[in-house]
Amino acid sequence: MNGAQALIRTLAGSGVDVCFSNPGTSEMHFVAALDAVPEMRGVLCLFEGVATGAADGYGRMAGRPAAALLHLGPGLSNGLANLHNARRARTPLLAVVGDHATHHKRFDAPLESDIEALAGTVSVWVRRSARSADVAADAAEGVAAAMRPPGGISTLILPADVSWSEGAEPARPLPVRAAAPVPEGAVQSVSRTLCSGEPCVLLLGGPGTRRAGLEAASRVAEATGARLLCETFPARLERGAGIPAVDRLAYLAEFAAGQLAGARHLILAGARAPVSFFAYPGKASSLVPADCEVHVLAEPADDVCGALGRLADLAAPGTKPLPSEAERPALPSGDGNLTGESVAAAVGALLPEGAIVSDEANTSGLWLPGATAGAPPHDWLTLTGGSIGQGLPVATGAAVASPGRPVLALEADGSAMYTLSALWTHAREGLDITTVIFNNRSYAILNMELNRVGAEPAGDAARNLLELSRPDLDFVALASGMGVPASRASTPGEFCAQLQQALAEPGPHLIEALIERIG
Ligand SMILES: Cc1ncc(C[n+]2csc(CCOP(=O)(O)OP(=O)(O)O)c2C)c(N)n1
Ligand SMILES: [Mg+2]
């Protein structure tokens with residue numbers, strides 16, 4: 001068996017059975033080996049940022065890594081922005097980066113580059129396999145490292161000769177370390193703080209935004225009066241009717257300050273102490289109020305939900321969680337102008353049970369949390385690292401990980417364009433993804449930020465860098481050209497009819513919602 005075959009068999013045996021791929025010459029033996037190992041599903045992505053974002057979406061939903069197959073340093077570089085988002089999401093993910101054959105490297109051929117340096121910026125584990133006899137054991141170690149709580153990116157660098165040389169055999173999966181339990185003293189200390197009568201905020205992050213964490217946290221909030229919040233961009237937030245609701249910490253620092261105002265104690269459960277997204281002249285970077293003490297109940301790598309459960313048993317014995325009520329907005333109608341608000345109402349009215357929402361709606365998404373709070377239970381995946389171009393790839397991977405669950409990609413126009421070729425993979429794989437493009441023909445948020453950073457008011461030259469017009473983007477044509485059936489809506493009535501139809505039919509659809517920008 002050659003190295004590539006042993007590698008793929010090892011991955012499949014370790015539960016890594018999907019590989020989002022954009023291969024090149026140095027990965028040809030890996031590609032050829034896919035026919036020998038049918039347990040591995042290769043999914044072609046037309047840009048590496050789609051492959052890495054898809055592996056992120058897959059890992060968030062499956063709780064185990066997908067592989068992303070990338071071509072040397074340049075392929076990895078194209079994938080780095082969404083690996084950055086995956087790192088922030090703490091997604092288990094295995095990047096397999098092909099490289100030149102070992103003896104070829106010293107010739108400094110055109111694609112030669114420092115792959116270790118590039119991988120190091122996002123990875124918890126990096127290994128260059130030296131021999132085909134080692135590659136399977138290396139892969140097993142990489143998978144275990146990616147799975148180690150809190151989860152992260154492992155990068156396996158695979159020289160072409162390691163792939164093609166014989167003498168390899170598969171390796172067994174390695175055991176994965178469980179999340180560390182939080183010491184009893186820490187749980188007791190936080191419980192005393194919560195029961196002190198002083199104003200407390202409990203900030204959830206990481207695994208704490210899953211149902212078990214939310215239910216325990218809700219009990220604590222009910223019993224002690226603590227305010228409940230979660231991080232601004234959770235990797236995976238379970239929400240909807242029957243699940244306790246939690247507000248996300250606001251993106252805008254001035255709103256976040258309002259949410260945290262008056263807190264004497266900030267208790268972190270899988271979240272980090274909140275900071276402003278950007279610096280603004282004369283404003284603080286830390287969002288922790290001046291006289292507020294920070295307590296860590298659980299680090300992201302700890303057993304966050306276990307700690308919250310034990311905390312609830314101490315601070316809230318006998319108290320039940322407070323679930324969200326089932327409640328949907330009325331289906332908007334009529335032929336007025338479509339707005340972010342009416343799109344949100346339609347999504348809230350129609351969101352199917354078990355849906356997975358990949359949310360990169362940006363400014364147009366302001367009304368989405370409110371409109372969907374009482375919809376049937378669903379998962380909400382957000383832009384964890386702030387690097388736009390994540391939404392369509394994450395939807396891809398979430399759909400591959402969760403057959404039978406409808407996926408809704410709520411996508412701003414500017415962000416969509418970074419990784420639009422994900423649509424082709426939606427069509428190629430027949431994925432049940434409905435993409436809604438919020439087309440406000442603008443980098444709207446940057447119009448807002450221009451004022452907030454105290455820059456000069458926008459002149460024509462500045463506006464020229466913030467408006468997505470001249471020419472207008474035609475998302476119906478773009479989607480159709482990649483095999484995704486598409487339509488355009490400019491009124492609430494049109495949008496509702498199109499969304500109903502898209503959700504009713506299996507397979508990918510795209511709706512271009514023409515809306516005004518806010519702000
Ligand atoms: C990789 C990356 N490049 C650039 C940016 C800076 N950026 C933040 S928001 C934004 C424009 C967003 O426009 P759009 O997606 O249309 O959302 P809107 O603001 O219109 O709601 C840009 C370019 C970023 N966050 N990430
Ligand atoms: Mg926009």
# chains A, B, ... in the order shown; residues from 1 in each chain; ligands from 1
>>> residues_near_ligand(ligand="ligand 1", cutoff="10 Å", atoms="only C-alpha atoms and all ligand atoms", output="count of residues only")
50
>>> residues_around(residues="Ala271 (chain A)", least_positions_apart="5", cutoff="10 Å", atoms="only C-alpha atoms", output="compact mmCIF listing (two decimals) with N, CA, C and O atoms, in the first residue's frame")
# COMPACT_ATOMS: atom_id res chain seq x y z
N LEU A 202 -23.67 36.27 33.46
CA LEU A 202 -23.10 34.97 33.12
C LEU A 202 -22.92 34.95 31.60
O LEU A 202 -23.91 35.03 30.86
N LEU A 203 -21.67 34.90 31.14
CA LEU A 203 -21.37 34.97 29.70
C LEU A 203 -20.98 33.59 29.19
O LEU A 203 -19.98 33.02 29.61
N LEU A 204 -21.77 33.08 28.25
CA LEU A 204 -21.57 31.73 27.73
C LEU A 204 -20.80 31.76 26.42
O LEU A 204 -21.00 32.65 25.59
N GLY A 205 -19.97 30.75 26.20
CA GLY A 205 -19.26 30.61 24.93
C GLY A 205 -18.90 29.17 24.70
O GLY A 205 -19.15 28.30 25.55
N GLY A 206 -18.30 28.88 23.55
CA GLY A 206 -17.87 27.51 23.23
C GLY A 206 -19.03 26.54 23.37
O GLY A 206 -20.15 26.83 22.91
N PRO A 207 -18.81 25.40 24.03
CA PRO A 207 -19.88 24.42 24.14
C PRO A 207 -21.06 24.91 25.00
O PRO A 207 -22.13 24.30 24.98
N GLY A 208 -20.85 26.01 25.73
CA GLY A 208 -21.90 26.55 26.59
C GLY A 208 -23.12 27.06 25.84
O GLY A 208 -24.16 27.33 26.45
N THR A 209 -23.01 27.23 24.50
CA THR A 209 -24.17 27.72 23.74
C THR A 209 -24.98 26.58 23.14
O THR A 209 -25.85 26.82 22.31
N CYS A 230 -24.43 35.55 25.69
CA CYS A 230 -23.40 34.68 25.09
C CYS A 230 -22.51 35.52 24.21
O CYS A 230 -22.79 36.69 23.91
N GLU A 231 -21.40 34.92 23.79
CA GLU A 231 -20.42 35.67 23.00
C GLU A 231 -21.07 36.17 21.71
O GLU A 231 -22.07 35.64 21.25
N THR A 232 -20.47 37.20 21.14
CA THR A 232 -21.05 37.89 19.98
C THR A 232 -21.21 36.96 18.79
O THR A 232 -22.24 36.98 18.11
N PRO A 234 -21.10 33.17 18.31
CA PRO A 234 -20.96 31.77 18.73
C PRO A 234 -20.75 30.86 17.52
O PRO A 234 -21.27 31.11 16.42
N VAL A 296 -13.71 33.07 36.27
CA VAL A 296 -13.76 32.02 35.24
C VAL A 296 -14.38 30.77 35.85
O VAL A 296 -13.79 30.15 36.74
N LEU A 297 -15.57 30.44 35.39
CA LEU A 297 -16.16 29.15 35.79
C LEU A 297 -15.50 28.03 35.00
O LEU A 297 -15.07 27.02 35.57
N ALA A 298 -15.41 28.22 33.68
CA ALA A 298 -14.84 27.18 32.83
C ALA A 298 -14.16 27.81 31.63
O ALA A 298 -14.71 28.69 30.98
N GLU A 299 -12.94 27.34 31.34
CA GLU A 299 -12.25 27.72 30.10
C GLU A 299 -12.89 26.93 28.95
O GLU A 299 -13.50 25.89 29.17
N PRO A 300 -12.67 27.41 27.72
CA PRO A 300 -13.26 26.69 26.58
C PRO A 300 -12.86 25.22 26.51
O PRO A 300 -13.63 24.39 26.04
N VAL A 304 -17.45 22.55 29.91
CA VAL A 304 -18.23 23.76 30.18
C VAL A 304 -19.65 23.40 30.61
O VAL A 304 -20.17 23.92 31.60
>>> closest_residue(among="A:Gly242, A:Pro74, A:Asp472, A:Thr52", to="ligand 2", atoms="only C-alpha atoms and all ligand atoms")
A:Asp472
>>> select_by_dssp(residues="region 54-92 of chain A", states="strand (DSSP E or B)", output="count of residues only")
5
>>> select_by_dssp(residues="region 318-349 of chain A", states="helix (DSSP H, G or I)", output="PyMOL selection string")
chain A and resi 340-349
>>> residues_around(residues="Ala290 (chain A)", least_positions_apart="2", cutoff="10 Å", atoms="only C-alpha atoms", output="mmCIF file with all heavy atoms, in the first residue's frame")
data_model
loop_
_atom_site.group_PDB
_atom_site.id
_atom_site.type_symbol
_atom_site.label_atom_id
_atom_site.label_comp_id
_atom_site.auth_asym_id
_atom_site.auth_seq_id
_atom_site.Cartn_x
_atom_site.Cartn_y
_atom_site.Cartn_z
ATOM 1 N N ALA A 261 -23.635 47.013 31.552
ATOM 2 C CA ALA A 261 -23.611 48.117 32.527
ATOM 3 C C ALA A 261 -24.160 47.670 33.880
ATOM 4 O O ALA A 261 -25.138 46.930 33.954
ATOM 5 C CB ALA A 261 -24.441 49.287 31.992
ATOM 6 N N GLY A 262 -23.494 48.094 34.921
ATOM 7 C CA GLY A 262 -23.977 47.815 36.278
ATOM 8 C C GLY A 262 -23.544 46.468 36.828
ATOM 9 O O GLY A 262 -23.755 46.182 38.010
ATOM 10 N N ALA A 263 -22.914 45.620 35.987
ATOM 11 C CA ALA A 263 -22.506 44.299 36.489
ATOM 12 C C ALA A 263 -21.331 44.467 37.457
ATOM 13 O O ALA A 263 -20.371 45.175 37.176
ATOM 14 C CB ALA A 263 -22.106 43.400 35.329
ATOM 15 N N ARG A 264 -21.431 43.808 38.624
ATOM 16 C CA ARG A 264 -20.312 43.786 39.581
ATOM 17 C C ARG A 264 -19.440 42.561 39.347
ATOM 18 O O ARG A 264 -18.263 42.545 39.663
ATOM 19 C CB ARG A 264 -20.847 43.768 41.018
ATOM 20 C CG ARG A 264 -21.107 45.122 41.618
ATOM 21 C CD ARG A 264 -19.794 45.844 41.989
ATOM 22 N NE ARG A 264 -19.094 45.144 43.078
ATOM 23 C CZ ARG A 264 -17.833 44.713 42.991
ATOM 24 N NH1 ARG A 264 -17.139 44.878 41.890
ATOM 25 N NH2 ARG A 264 -17.267 44.112 44.025
ATOM 26 N N SER A 286 -11.166 46.962 26.296
ATOM 27 C CA SER A 286 -11.868 45.957 27.097
ATOM 28 C C SER A 286 -13.302 46.413 27.316
ATOM 29 O O SER A 286 -13.572 47.594 27.555
ATOM 30 C CB SER A 286 -11.186 45.794 28.456
ATOM 31 O OG SER A 286 -12.015 45.009 29.294
ATOM 32 N N LEU A 287 -14.232 45.481 27.221
ATOM 33 C CA LEU A 287 -15.643 45.816 27.456
ATOM 34 C C LEU A 287 -16.074 45.509 28.887
ATOM 35 O O LEU A 287 -17.228 45.710 29.248
ATOM 36 C CB LEU A 287 -16.537 45.052 26.471
ATOM 37 C CG LEU A 287 -16.382 45.441 25.001
ATOM 38 C CD1 LEU A 287 -17.262 44.570 24.122
ATOM 39 C CD2 LEU A 287 -16.715 46.911 24.793
ATOM 40 N N VAL A 288 -15.136 44.993 29.696
ATOM 41 C CA VAL A 288 -15.487 44.706 31.089
ATOM 42 C C VAL A 288 -15.648 46.046 31.816
ATOM 43 O O VAL A 288 -14.724 46.871 31.797
ATOM 44 C CB VAL A 288 -14.385 43.867 31.770
ATOM 45 C CG1 VAL A 288 -14.750 43.585 33.226
ATOM 46 C CG2 VAL A 288 -14.157 42.567 31.008
ATOM 47 N N CYS A 292 -16.042 45.942 37.664
ATOM 48 C CA CYS A 292 -16.601 44.586 37.546
ATOM 49 C C CYS A 292 -15.486 43.560 37.676
ATOM 50 O O CYS A 292 -14.437 43.692 37.043
ATOM 51 C CB CYS A 292 -17.296 44.457 36.182
ATOM 52 S SG CYS A 292 -17.964 42.826 35.874
ATOM 53 N N GLU A 293 -15.732 42.562 38.503
ATOM 54 C CA GLU A 293 -14.736 41.515 38.719
ATOM 55 C C GLU A 293 -15.026 40.345 37.774
ATOM 56 O O GLU A 293 -16.191 39.966 37.613
ATOM 57 C CB GLU A 293 -14.879 41.051 40.173
ATOM 58 C CG GLU A 293 -13.654 40.428 40.782
ATOM 59 C CD GLU A 293 -13.942 40.007 42.225
ATOM 60 O OE1 GLU A 293 -14.563 40.814 42.969
ATOM 61 O OE2 GLU A 293 -13.589 38.877 42.573
#
>>> closest_residue(among="A:Ile243, A:Val400, A:Leu338, A:Asp303", to="Ala326 (chain A)", atoms="only C-alpha atoms")
A:Ile243
>>> closest_residue(among="A:Arg310, A:His71, A:His509, A:Arg64", to="Ala160 (chain A)", atoms="only C-alpha atoms")
A:His71
>>> decode(residues="region 479-502 of chain A", atoms="N, CA, C and O atoms", output="compact mmCIF listing (two decimals), in the first residue's frame")
# COMPACT_ATOMS: atom_id res chain seq x y z
N ALA A 479 -25.85 32.70 -9.89
CA ALA A 479 -26.25 31.39 -9.36
C ALA A 479 -26.64 30.44 -10.49
O ALA A 479 -26.22 29.28 -10.50
N SER A 480 -27.42 30.94 -11.44
CA SER A 480 -27.84 30.10 -12.56
C SER A 480 -26.63 29.55 -13.29
O SER A 480 -26.60 28.39 -13.70
N GLY A 481 -25.62 30.38 -13.44
CA GLY A 481 -24.40 29.96 -14.14
C GLY A 481 -23.63 28.88 -13.40
O GLY A 481 -22.75 28.26 -13.97
N MET A 482 -23.96 28.68 -12.12
CA MET A 482 -23.30 27.61 -11.36
C MET A 482 -24.27 26.47 -11.05
O MET A 482 -23.98 25.62 -10.21
N GLY A 483 -25.43 26.49 -11.71
CA GLY A 483 -26.35 25.36 -11.58
C GLY A 483 -27.30 25.43 -10.41
O GLY A 483 -27.94 24.44 -10.07
N VAL A 484 -27.42 26.61 -9.79
CA VAL A 484 -28.34 26.76 -8.66
C VAL A 484 -29.57 27.55 -9.14
O VAL A 484 -29.43 28.70 -9.59
N PRO A 485 -30.77 26.97 -9.08
CA PRO A 485 -31.98 27.69 -9.50
C PRO A 485 -32.14 28.95 -8.65
O PRO A 485 -31.99 28.90 -7.43
N ALA A 486 -32.43 30.07 -9.29
CA ALA A 486 -32.41 31.34 -8.57
C ALA A 486 -33.55 32.25 -9.01
O ALA A 486 -34.06 32.14 -10.12
N SER A 487 -33.94 33.13 -8.09
CA SER A 487 -34.99 34.11 -8.39
C SER A 487 -34.67 35.39 -7.64
O SER A 487 -33.84 35.40 -6.73
N ARG A 488 -35.38 36.45 -8.02
CA ARG A 488 -35.13 37.75 -7.40
C ARG A 488 -36.42 38.26 -6.79
O ARG A 488 -37.49 38.10 -7.38
N ALA A 489 -36.33 38.84 -5.59
CA ALA A 489 -37.51 39.38 -4.92
C ALA A 489 -37.27 40.83 -4.57
O ALA A 489 -36.22 41.17 -4.03
N SER A 490 -38.26 41.67 -4.87
CA SER A 490 -38.14 43.07 -4.42
C SER A 490 -39.34 43.51 -3.60
O SER A 490 -39.41 44.67 -3.20
N THR A 491 -40.27 42.58 -3.34
CA THR A 491 -41.39 42.90 -2.44
C THR A 491 -41.54 41.76 -1.43
O THR A 491 -41.11 40.63 -1.69
N PRO A 492 -42.18 42.04 -0.28
CA PRO A 492 -42.40 40.97 0.70
C PRO A 492 -43.20 39.81 0.12
O PRO A 492 -42.88 38.64 0.39
N GLY A 493 -44.20 40.11 -0.69
CA GLY A 493 -45.01 39.05 -1.28
C GLY A 493 -44.17 38.13 -2.14
O GLY A 493 -44.24 36.90 -2.03
N GLU A 494 -43.33 38.71 -2.99
CA GLU A 494 -42.47 37.89 -3.86
C GLU A 494 -41.51 37.07 -3.02
O GLU A 494 -41.30 35.88 -3.26
N PHE A 495 -40.93 37.71 -2.02
CA PHE A 495 -39.93 37.00 -1.22
C PHE A 495 -40.55 35.79 -0.51
O PHE A 495 -39.98 34.69 -0.51
N CYS A 496 -41.72 35.99 0.10
CA CYS A 496 -42.35 34.88 0.84
C CYS A 496 -42.67 33.72 -0.09
O CYS A 496 -42.40 32.56 0.25
N ALA A 497 -43.21 34.02 -1.25
CA ALA A 497 -43.56 32.95 -2.19
C ALA A 497 -42.31 32.19 -2.61
O ALA A 497 -42.29 30.95 -2.66
N GLN A 498 -41.24 32.93 -2.86
CA GLN A 498 -40.00 32.28 -3.32
C GLN A 498 -39.35 31.47 -2.21
O GLN A 498 -38.82 30.37 -2.43
N LEU A 499 -39.40 31.99 -0.98
CA LEU A 499 -38.79 31.26 0.13
C LEU A 499 -39.59 29.98 0.42
O LEU A 499 -39.01 28.91 0.64
N GLN A 500 -40.92 30.11 0.37
CA GLN A 500 -41.76 28.91 0.58
C GLN A 500 -41.42 27.82 -0.43
O GLN A 500 -41.24 26.66 -0.08
N GLN A 501 -41.27 28.23 -1.67
CA GLN A 501 -41.00 27.26 -2.72
C GLN A 501 -39.60 26.65 -2.55
O GLN A 501 -39.41 25.44 -2.67
N ALA A 502 -38.63 27.50 -2.25
CA ALA A 502 -37.25 27.00 -2.11
C ALA A 502 -37.15 26.01 -0.96
O ALA A 502 -36.45 25.00 -1.05
